[in-house]
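Peer 1: As input, take structure.txt (compact mmCIF, C-alpha atoms (C1' of nucleotides)):
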```txt
# COMPACT_ATOMS: atom_id res chain seq x y z
CA MET V 1 -15.76 86.15 191.58
CA SER V 2 -15.80 85.92 195.32
CA ASP V 3 -18.49 84.95 197.82
CA TYR V 4 -17.06 87.24 200.48
CA ILE V 5 -18.82 90.55 200.84
CA ASN V 6 -17.35 93.49 202.72
CA PRO V 7 -19.98 95.99 203.86
CA MET V 8 -17.36 98.75 203.80
CA ALA V 9 -16.73 98.39 200.09
CA GLU V 10 -19.66 100.51 198.98
CA ASN V 11 -18.69 103.17 201.44
CA THR V 12 -15.21 103.22 199.97
CA ILE V 13 -16.49 103.90 196.48
CA SER V 14 -18.13 107.13 197.51
CA HIS V 15 -14.87 108.38 199.01
CA LEU V 16 -12.74 107.83 195.92
CA PRO V 17 -11.51 110.94 194.09
CA SER V 18 -13.02 111.51 190.68
CA GLU V 19 -11.49 109.85 187.65
CA ASP V 20 -10.14 113.20 186.46
CA ILE V 21 -8.40 113.91 189.74
CA SER V 22 -6.84 110.46 189.87
CA ILE V 23 -5.56 110.79 186.33
CA GLU V 24 -4.17 114.26 186.99
CA LEU V 25 -2.46 113.08 190.13
CA ALA V 26 -0.93 110.05 188.42
CA ASP V 27 0.30 112.24 185.56
CA PHE V 28 1.76 114.66 188.06
CA TYR V 29 3.79 111.99 189.82
CA LYS V 30 4.75 110.47 186.50
CA VAL V 31 6.80 113.57 185.79
CA PHE V 32 8.88 112.96 188.92
CA GLY V 33 9.27 109.31 188.01
CA ASP V 34 12.26 109.69 185.73
CA TYR V 35 15.94 109.72 186.61
CA ALA V 36 16.87 112.48 184.19
CA ARG V 37 14.08 114.78 185.31
CA ILE V 38 14.81 114.21 189.00
CA ARG V 39 18.42 115.22 188.42
CA ILE V 40 17.35 118.33 186.52
CA LEU V 41 15.08 119.36 189.36
CA PHE V 42 17.83 118.85 191.94
CA ALA V 43 20.25 120.85 189.85
CA LEU V 44 17.75 123.70 189.90
CA LEU V 45 17.04 123.37 193.60
CA ASN V 46 19.29 126.27 194.59
CA ASN V 47 20.41 127.73 191.30
CA GLU V 48 19.03 129.21 188.18
CA LEU V 49 20.79 127.56 185.25
CA CYS V 50 20.68 127.76 181.47
CA VAL V 51 20.43 124.71 179.25
CA ASN V 52 24.14 124.56 178.60
CA ASP V 53 24.89 124.74 182.32
CA LEU V 54 22.57 121.84 182.88
CA ALA V 55 24.13 119.89 180.05
CA ASN V 56 27.54 120.27 181.70
CA VAL V 57 26.39 119.67 185.24
CA LEU V 58 24.28 116.64 184.40
CA ASN V 59 26.37 115.34 181.53
CA MET V 60 23.36 115.09 179.26
CA SER V 61 22.98 115.90 175.58
CA GLN V 62 21.45 119.25 174.76
CA SER V 63 18.62 117.59 172.91
CA ALA V 64 17.66 115.18 175.66
CA LEU V 65 17.71 118.10 178.07
CA SER V 66 15.48 120.29 175.96
CA HIS V 67 12.96 117.50 175.59
CA GLN V 68 12.84 116.90 179.32
CA LEU V 69 12.72 120.60 180.10
CA ARG V 70 9.68 120.86 177.89
CA ILE V 71 7.91 118.18 179.89
CA LEU V 72 8.85 119.92 183.14
CA ARG V 73 7.63 123.23 181.74
CA GLN V 74 4.34 121.83 180.51
CA ASN V 75 3.72 120.41 183.95
CA ARG V 76 4.65 123.70 185.60
CA LEU V 77 7.50 122.27 187.61
CA VAL V 78 10.06 124.64 186.09
CA LYS V 79 9.86 128.03 184.42
CA ASN V 80 12.28 129.76 182.10
CA LYS V 81 13.23 133.29 181.30
CA ARG V 82 15.02 134.22 178.14
CA GLU V 83 18.07 136.50 178.25
CA GLY V 84 19.45 136.96 174.81
CA LYS V 85 20.62 133.66 173.48
CA LEU V 86 20.35 131.99 176.84
CA SER V 87 17.31 130.48 178.50
CA PHE V 88 17.52 130.32 182.27
CA TYR V 89 15.53 127.68 184.08
CA SER V 90 14.40 127.57 187.69
CA LEU V 91 11.88 125.71 189.81
CA ASP V 92 8.37 127.04 189.28
CA ASP V 93 7.43 127.33 192.95
CA ASP V 94 8.18 126.14 196.46
CA HIS V 95 5.80 123.23 196.11
CA VAL V 96 8.30 121.45 193.90
CA TYR V 97 11.01 121.93 196.49
CA ARG V 98 8.82 120.50 199.23
CA ILE V 99 7.78 117.50 197.19
CA LEU V 100 11.37 116.62 196.38
CA THR V 101 12.56 116.91 199.96
CA GLN V 102 9.61 114.91 201.24
CA GLY V 103 10.45 112.18 198.75
CA LEU V 104 14.01 112.07 200.05
CA GLU V 105 12.66 111.91 203.57
CA HIS V 106 10.62 108.87 202.66
CA LEU V 107 13.62 107.04 201.21
CA SER V 108 15.40 107.25 204.55
CA HIS V 109 12.34 105.59 206.08
CA MET F 1 28.82 123.37 172.85
CA SER F 2 28.42 126.77 174.38
CA ASP F 3 30.84 129.65 174.98
CA TYR F 4 28.97 130.82 178.05
CA ILE F 5 30.42 129.66 181.36
CA ASN F 6 28.51 129.86 184.62
CA PRO F 7 30.77 129.88 187.69
CA MET F 8 27.92 128.37 189.75
CA ALA F 9 27.79 125.22 187.66
CA GLU F 10 30.66 123.46 189.41
CA ASN F 11 29.18 124.33 192.74
CA THR F 12 25.89 122.78 191.66
CA ILE F 13 27.53 119.47 190.85
CA SER F 14 28.77 119.00 194.38
CA HIS F 15 25.25 119.50 195.74
CA LEU F 16 23.56 116.89 193.56
CA PRO F 17 22.32 113.76 195.32
CA SER F 18 24.18 110.59 194.44
CA GLU F 19 23.17 108.59 191.41
CA ASP F 20 21.70 105.88 193.63
CA ILE F 21 19.54 108.32 195.53
CA SER F 22 18.25 109.93 192.35
CA ILE F 23 17.38 106.56 190.86
CA GLU F 24 15.64 105.44 194.04
CA LEU F 25 13.66 108.64 194.21
CA ALA F 26 12.60 108.43 190.58
CA ASP F 27 11.57 104.81 191.04
CA PHE F 28 9.64 105.77 194.13
CA TYR F 29 7.61 108.43 192.31
CA LYS F 30 7.19 106.14 189.33
CA VAL F 31 5.03 103.91 191.49
CA PHE F 32 2.62 106.79 192.10
CA GLY F 33 2.61 107.65 188.42
CA ASP F 34 -0.07 105.23 187.36
CA TYR F 35 -3.82 105.68 187.33
CA ALA F 36 -4.63 102.18 188.54
CA ARG F 37 -2.18 102.33 191.43
CA ILE F 38 -3.32 105.78 192.52
CA ARG F 39 -6.89 104.50 192.71
CA ILE F 40 -5.80 101.46 194.71
CA LEU F 41 -3.99 103.67 197.19
CA PHE F 42 -6.99 105.96 197.58
CA ALA F 43 -9.27 102.97 198.10
CA LEU F 44 -6.99 101.90 200.95
CA LEU F 45 -6.74 105.37 202.42
CA ASN F 46 -9.29 104.72 205.17
CA ASN F 47 -10.06 101.03 204.82
CA GLU F 48 -8.37 97.71 204.88
CA LEU F 49 -9.65 95.75 201.89
CA CYS F 50 -9.06 92.34 200.36
CA VAL F 51 -8.31 91.83 196.70
CA ASN F 52 -11.90 91.03 195.83
CA ASP F 53 -13.13 94.17 197.59
CA LEU F 54 -10.69 96.19 195.55
CA ALA F 55 -11.76 94.48 192.35
CA ASN F 56 -15.37 95.46 193.03
CA VAL F 57 -14.64 98.96 194.26
CA LEU F 58 -12.25 99.81 191.44
CA ASN F 59 -13.86 97.69 188.74
CA MET F 60 -10.55 96.07 187.83
CA SER F 61 -9.76 92.49 186.90
CA GLN F 62 -8.35 90.33 189.66
CA SER F 63 -5.20 89.74 187.66
CA ALA F 64 -4.44 93.37 186.96
CA LEU F 65 -5.01 94.10 190.62
CA SER F 66 -2.66 91.40 191.84
CA HIS F 67 0.06 92.61 189.52
CA GLN F 68 -0.28 96.18 190.72
CA LEU F 69 -0.51 95.13 194.35
CA ARG F 70 2.77 93.33 193.95
CA ILE F 71 4.43 96.49 192.71
CA LEU F 72 2.96 98.44 195.59
CA ARG F 73 4.11 95.77 198.03
CA GLN F 74 7.64 95.62 196.64
CA ASN F 75 7.90 99.38 197.05
CA ARG F 76 6.53 99.19 200.58
CA LEU F 77 3.54 101.40 199.89
CA VAL F 78 1.05 98.74 200.97
CA LYS F 79 1.26 95.71 203.21
CA ASN F 80 -0.97 92.66 203.40
CA LYS F 81 -2.01 90.22 206.06
CA ARG F 82 -3.44 86.85 205.20
CA GLU F 83 -6.60 85.64 206.91
CA GLY F 84 -7.52 82.24 205.59
CA LYS F 85 -8.29 82.55 201.92
CA LEU F 86 -8.40 86.32 202.05
CA SER F 87 -5.51 88.74 201.83
CA PHE F 88 -6.19 92.11 203.37
CA TYR F 89 -4.30 95.10 202.09
CA SER F 90 -3.64 98.43 203.75
CA LEU F 91 -1.29 101.38 203.40
CA ASP F 92 2.16 100.60 204.74
CA ASP F 93 2.55 103.77 206.77
CA ASP F 94 1.44 107.36 207.25
CA HIS F 95 4.02 108.62 204.81
CA VAL F 96 1.98 107.29 201.92
CA TYR F 97 -1.08 109.11 203.19
CA ARG F 98 0.84 112.37 203.44
CA ILE F 99 2.36 112.05 200.00
CA LEU F 100 -1.03 111.46 198.41
CA THR F 101 -2.68 114.37 200.15
CA GLN F 102 0.22 116.66 199.33
CA GLY F 103 -0.11 115.68 195.70
CA LEU F 104 -3.78 116.60 195.74
CA GLU F 105 -2.86 119.88 197.37
CA HIS F 106 -0.52 120.66 194.52
CA LEU F 107 -3.16 120.00 191.88
CA SER F 108 -5.33 122.73 193.36
CA HIS F 109 -2.31 125.04 193.03
C1' DT O 1 23.14 140.48 156.53
C1' DA O 2 25.67 136.27 156.66
C1' DT O 3 27.38 133.53 160.29
C1' DA O 4 27.84 131.48 164.68
C1' DC O 5 25.56 130.41 168.70
C1' DA O 6 21.84 128.66 172.14
C1' DT O 7 17.93 126.25 172.33
C1' DA O 8 13.77 123.90 170.53
C1' DT O 9 11.45 120.47 167.91
C1' DG O 10 10.28 116.46 164.68
C1' DA O 11 11.01 111.64 163.53
C1' DA O 12 12.64 107.14 164.40
C1' DC O 13 13.94 103.61 167.23
C1' DA O 14 14.87 100.77 171.35
C1' DC O 15 13.17 99.80 175.63
C1' DA O 16 9.90 99.94 179.57
C1' DT O 17 5.26 99.16 181.26
C1' DG O 18 0.36 97.64 182.02
C1' DT O 19 -3.19 94.51 180.78
C1' DA O 20 -5.54 90.13 179.49
C1' DC O 21 -5.27 85.28 179.36
C1' DA O 22 -3.98 81.05 181.16
C1' DT O 23 -2.55 78.60 184.90
C1' DG O 24 -0.39 77.60 189.46
C1' DC O 25 -0.48 77.59 194.51
C1' DG O 26 -2.27 77.72 199.14
C1' DT O 27 -6.53 77.38 201.94
C1' DT O 28 -10.88 75.80 203.23
C1' DT O 29 -14.97 73.09 203.07
C1' DG O 30 -18.19 69.46 201.83
C1' DC I 1 -9.36 64.26 199.83
C1' DA I 2 -11.51 66.29 196.04
C1' DA I 3 -13.51 70.38 194.68
C1' DA I 4 -14.15 75.24 195.10
C1' DC I 5 -12.30 79.43 196.30
C1' DG I 6 -9.03 83.56 196.67
C1' DC I 7 -5.08 85.16 195.11
C1' DA I 8 -0.48 85.09 192.68
C1' DT I 9 2.35 84.70 188.68
C1' DG I 10 4.29 83.67 183.83
C1' DT I 11 3.72 84.96 179.10
C1' DA I 12 2.44 87.64 175.23
C1' DC I 13 1.25 91.71 173.29
C1' DA I 14 -0.08 96.51 172.61
C1' DT I 15 1.05 100.96 174.03
C1' DG I 16 3.89 104.49 176.31
C1' DT I 17 8.36 106.72 177.03
C1' DG I 18 13.17 108.54 176.56
C1' DT I 19 17.04 109.03 173.73
C1' DT I 20 19.53 110.07 169.47
C1' DC I 21 19.98 112.21 165.07
C1' DA I 22 18.77 115.72 162.06
C1' DT I 23 17.02 120.08 161.49
C1' DA I 24 14.46 124.33 162.60
C1' DT I 25 13.96 128.67 165.21
C1' DG I 26 15.43 132.71 167.41
C1' DT I 27 19.30 135.84 168.88
C1' DA I 28 23.64 138.20 168.76
C1' DT I 29 27.79 139.55 166.38
C1' DA I 30 31.34 140.41 162.78
```
Could I get this file's structure written as structure tokens?

Peer 2:
Amino acid sequence: MSDYINPMAENTISHLPSEDISIELADFYKVFGDYARIRILFALLNNELCVNDLANVLNMSQSALSHQLRILRQNRLVKNKREGKLSFYSLDDDHVYRILTQGLEHLSH
Amino acid sequence: MSDYINPMAENTISHLPSEDISIELADFYKVFGDYARIRILFALLNNELCVNDLANVLNMSQSALSHQLRILRQNRLVKNKREGKLSFYSLDDDHVYRILTQGLEHLSH
DNA sequence: TATACATATGAACACATGTACATGCGTTTG
DNA sequence: CAAACGCATGTACATGTGTTCATATGTATA
């Protein structure tokens, strides 16, 4: 342990978000933190596509896609509507769009 | 494979970001996708703190902290300046602040 | 209604990731 | 200059995560 004491430290504690919020936020970002899921989201940025479309566009297996789509659904980043045999996916709301574009912005410093 | 063919699919391919960009973006979000790192970033939101401050504020071991701080440093989310024995950490730039707050915004739908 | 089709899901496995423990390195101080 | 201090880092290990393979579920069609 250290001898140094920072008087601001206590003040910092009281400004931290709750444990629940921090966990939720980390889990939220975790969903974006995967190459396959990022590509799925970008593919849906302007289009509504069914699973088979996505499989072709992204060159992924149908199974891997379905698993990832489930994660994206559960986290409310995409939604799907069934039309007969097909299931069309799209981004859930504009928030997702904004988060993606802001991420890109950050990469180009 | 599917019989259904969507004429938009080809068009979608040409609008996808490059593989490099997608990987970078995923890696970028991956850094935010951890409870410990989120808490570190929030602790640094308004203050500049040394490792020992962070250990006290966040109730983490010094080792775990140093490992996570390295990841945050390598991804340019935090920077540090050495003052004698102490190493003071702070957020690297405003972008980080904005990304965190936008994430919080999203949680409250 | 049997079959093909589109998608979803369960299980298993390989790989990534975060932490604790031990120790090293740079700085200061007695 | 030796000891204490603050922090960094290597290793090992437990746990988490994404993919593949196999199979199930739901829908249309012959």

Peer 1: Report chain F as an mmCIF file with C-alpha atoms, keeping the file's coordinate frame in the frame of chain V, after least-squares superposition over all C-alpha atoms paired in order.

Peer 2:
```cif
data_model
loop_
_atom_site.group_PDB
_atom_site.id
_atom_site.type_symbol
_atom_site.label_atom_id
_atom_site.label_comp_id
_atom_site.auth_asym_id
_atom_site.auth_seq_id
_atom_site.Cartn_x
_atom_site.Cartn_y
_atom_site.Cartn_z
ATOM 1 C CA MET F 1 -15.783 86.213 191.524
ATOM 2 C CA SER F 2 -15.843 86.011 195.268
ATOM 3 C CA ASP F 3 -18.534 85.016 197.773
ATOM 4 C CA TYR F 4 -17.162 87.322 200.436
ATOM 5 C CA ILE F 5 -18.924 90.670 200.734
ATOM 6 C CA ASN F 6 -17.462 93.597 202.633
ATOM 7 C CA PRO F 7 -20.086 96.123 203.759
ATOM 8 C CA MET F 8 -17.410 98.859 203.724
ATOM 9 C CA ALA F 9 -16.775 98.492 200.014
ATOM 10 C CA GLU F 10 -19.699 100.635 198.893
ATOM 11 C CA ASN F 11 -18.722 103.280 201.360
ATOM 12 C CA THR F 12 -15.213 103.299 199.920
ATOM 13 C CA ILE F 13 -16.477 104.000 196.425
ATOM 14 C CA SER F 14 -18.113 107.237 197.457
ATOM 15 C CA HIS F 15 -14.841 108.472 198.962
ATOM 16 C CA LEU F 16 -12.694 107.893 195.884
ATOM 17 C CA PRO F 17 -11.448 110.996 194.081
ATOM 18 C CA SER F 18 -12.932 111.553 190.650
ATOM 19 C CA GLU F 19 -11.397 109.888 187.638
ATOM 20 C CA ASP F 20 -10.014 113.219 186.443
ATOM 21 C CA ILE F 21 -8.306 113.924 189.731
ATOM 22 C CA SER F 22 -6.753 110.469 189.870
ATOM 23 C CA ILE F 23 -5.445 110.789 186.332
ATOM 24 C CA GLU F 24 -4.038 114.247 187.009
ATOM 25 C CA LEU F 25 -2.348 113.059 190.159
ATOM 26 C CA ALA F 26 -0.826 110.036 188.459
ATOM 27 C CA ASP F 27 0.414 112.205 185.606
ATOM 28 C CA PHE F 28 1.859 114.630 188.101
ATOM 29 C CA TYR F 29 3.891 111.942 189.877
ATOM 30 C CA LYS F 30 4.859 110.412 186.557
ATOM 31 C CA VAL F 31 6.895 113.519 185.846
ATOM 32 C CA PHE F 32 8.979 112.901 188.968
ATOM 33 C CA GLY F 33 9.387 109.256 188.056
ATOM 34 C CA ASP F 34 12.358 109.651 185.780
ATOM 35 C CA TYR F 35 16.036 109.701 186.638
ATOM 36 C CA ALA F 36 16.954 112.458 184.204
ATOM 37 C CA ARG F 37 14.155 114.751 185.339
ATOM 38 C CA ILE F 38 14.879 114.194 189.020
ATOM 39 C CA ARG F 39 18.484 115.229 188.430
ATOM 40 C CA ILE F 40 17.388 118.324 186.520
ATOM 41 C CA LEU F 41 15.115 119.345 189.366
ATOM 42 C CA PHE F 42 17.856 118.852 191.943
ATOM 43 C CA ALA F 43 20.276 120.875 189.831
ATOM 44 C CA LEU F 44 17.744 123.713 189.894
ATOM 45 C CA LEU F 45 17.044 123.376 193.590
ATOM 46 C CA ASN F 46 19.269 126.297 194.589
ATOM 47 C CA ASN F 47 20.359 127.764 191.273
ATOM 48 C CA GLU F 48 18.936 129.233 188.159
ATOM 49 C CA LEU F 49 20.731 127.606 185.235
ATOM 50 C CA CYS F 50 20.603 127.798 181.458
ATOM 51 C CA VAL F 51 20.362 124.751 179.250
ATOM 52 C CA ASN F 52 24.084 124.629 178.605
ATOM 53 C CA ASP F 53 24.837 124.814 182.329
ATOM 54 C CA LEU F 54 22.525 121.889 182.874
ATOM 55 C CA ALA F 55 24.119 119.944 180.048
ATOM 56 C CA ASN F 56 27.528 120.363 181.679
ATOM 57 C CA VAL F 57 26.381 119.764 185.231
ATOM 58 C CA LEU F 58 24.307 116.699 184.397
ATOM 59 C CA ASN F 59 26.404 115.427 181.505
ATOM 60 C CA MET F 60 23.370 115.126 179.244
ATOM 61 C CA SER F 61 22.982 115.912 175.564
ATOM 62 C CA GLN F 62 21.405 119.243 174.735
ATOM 63 C CA SER F 63 18.588 117.514 172.907
ATOM 64 C CA ALA F 64 17.645 115.150 175.693
ATOM 65 C CA LEU F 65 17.690 118.081 178.072
ATOM 66 C CA SER F 66 15.421 120.234 175.948
ATOM 67 C CA HIS F 67 12.930 117.418 175.616
ATOM 68 C CA GLN F 68 12.839 116.841 179.352
ATOM 69 C CA LEU F 69 12.690 120.548 180.105
ATOM 70 C CA ARG F 70 9.635 120.783 177.920
ATOM 71 C CA ILE F 71 7.906 118.093 179.933
ATOM 72 C CA LEU F 72 8.846 119.837 183.147
ATOM 73 C CA ARG F 73 7.607 123.144 181.755
ATOM 74 C CA GLN F 74 4.303 121.719 180.544
ATOM 75 C CA ASN F 75 3.704 120.311 184.013
ATOM 76 C CA ARG F 76 4.628 123.617 185.623
ATOM 77 C CA LEU F 77 7.502 122.208 187.637
ATOM 78 C CA VAL F 78 10.034 124.588 186.098
ATOM 79 C CA LYS F 79 9.777 127.957 184.417
ATOM 80 C CA ASN F 80 12.194 129.714 182.096
ATOM 81 C CA LYS F 81 13.075 133.274 181.285
ATOM 82 C CA ARG F 82 14.857 134.193 178.103
ATOM 83 C CA GLU F 83 17.860 136.504 178.214
ATOM 84 C CA GLY F 84 19.199 136.992 174.732
ATOM 85 C CA LYS F 85 20.399 133.670 173.436
ATOM 86 C CA LEU F 86 20.201 132.039 176.833
ATOM 87 C CA SER F 87 17.184 130.499 178.501
ATOM 88 C CA PHE F 88 17.403 130.341 182.259
ATOM 89 C CA TYR F 89 15.464 127.677 184.074
ATOM 90 C CA SER F 90 14.345 127.541 187.681
ATOM 91 C CA LEU F 91 11.838 125.681 189.826
ATOM 92 C CA ASP F 92 8.317 126.963 189.310
ATOM 93 C CA ASP F 93 7.431 127.248 192.978
ATOM 94 C CA ASP F 94 8.191 126.086 196.502
ATOM 95 C CA HIS F 95 5.850 123.151 196.178
ATOM 96 C CA VAL F 96 8.335 121.377 193.951
ATOM 97 C CA TYR F 97 11.061 121.883 196.520
ATOM 98 C CA ARG F 98 8.879 120.440 199.265
ATOM 99 C CA ILE F 99 7.834 117.440 197.228
ATOM 100 C CA LEU F 100 11.433 116.571 196.415
ATOM 101 C CA THR F 101 12.621 116.877 199.980
ATOM 102 C CA GLN F 102 9.680 114.867 201.260
ATOM 103 C CA GLY F 103 10.539 112.147 198.788
ATOM 104 C CA LEU F 104 14.093 112.034 200.083
ATOM 105 C CA GLU F 105 12.725 111.875 203.599
ATOM 106 C CA HIS F 106 10.710 108.821 202.696
ATOM 107 C CA LEU F 107 13.705 107.001 201.249
ATOM 108 C CA SER F 108 15.454 107.201 204.603
ATOM 109 C CA HIS F 109 12.330 105.605 206.108
#
```

Peer 1: Please tabulate, as a Markdown table, the residues of chain F that come within 7 Å of chain I, each with its closest pair of atoms and the distance in Å to one decimal, counting all atoms listed in the file and ordering rows by chain, then residue number upward.

Peer 2:
```
| residue | atom | partner | partner_atom | distance |
| --- | --- | --- | --- | --- |
| F:Ser66 | CA | I:DA8 | C1' | 6.7 |
| F:Lys85 | CA | I:DG6 | C1' | 5.4 |
| F:Leu86 | CA | I:DG6 | C1' | 6.1 |
```

Peer 1: Considering only C-alpha atoms (C1' of nucleotides), tabulate each residue of chain O that lies at most 9 Å from chain F along with its nearest interatomic pair and the corresponding distance in Å to one decimal; arrange the rows by chain and ascending residue number and present them as JSON lines.

Peer 2:
```
{"residue": "O:DC5", "atom": "C1'", "partner": "F:Ser2", "partner_atom": "CA", "distance": 7.3}
{"residue": "O:DA6", "atom": "C1'", "partner": "F:Ser2", "partner_atom": "CA", "distance": 7.2}
{"residue": "O:DG18", "atom": "C1'", "partner": "F:Ala64", "partner_atom": "CA", "distance": 8.1}
{"residue": "O:DT19", "atom": "C1'", "partner": "F:Ala64", "partner_atom": "CA", "distance": 6.4}
{"residue": "O:DA20", "atom": "C1'", "partner": "F:Ser63", "partner_atom": "CA", "distance": 8.2}
{"residue": "O:DG26", "atom": "C1'", "partner": "F:Lys85", "partner_atom": "CA", "distance": 8.2}
{"residue": "O:DT27", "atom": "C1'", "partner": "F:Lys85", "partner_atom": "CA", "distance": 5.5}
{"residue": "O:DT28", "atom": "C1'", "partner": "F:Lys85", "partner_atom": "CA", "distance": 7.3}
```

Peer 1: What residues in chain F lie within 6 Å of chain V, counting all atoms listed in the file, written as a VMD selection string?

Peer 2: chain F and resid 13 23 26 to 27 29 to 30 32 to 35 57

Peer 1: Kindly give the distance, in Å, that separates atom CA of Ser87 of chain F and atom C1' of DC25 of chain O, rounded to a single decimal.

Peer 2: 14.3 Å

Peer 1: Could you tell me how far atom CA of Arg73 of chain F sits from atom C1' of DC21 of chain O, in Å to one decimal place?

Peer 2: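 One can read the atom C1' of DC21 of chain O to atom CA of Arg73 of chain F distance as 23.4 Å.
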
Peer 1: Could you tell me how far atom CA of Leu91 of chain F lies from atom CA of Tyr97 of chain V, in Å and to one decimal?

Peer 2: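 Separating atom CA of Leu91 of chain F from atom CA of Tyr97 of chain V is a distance of 24.9 Å.
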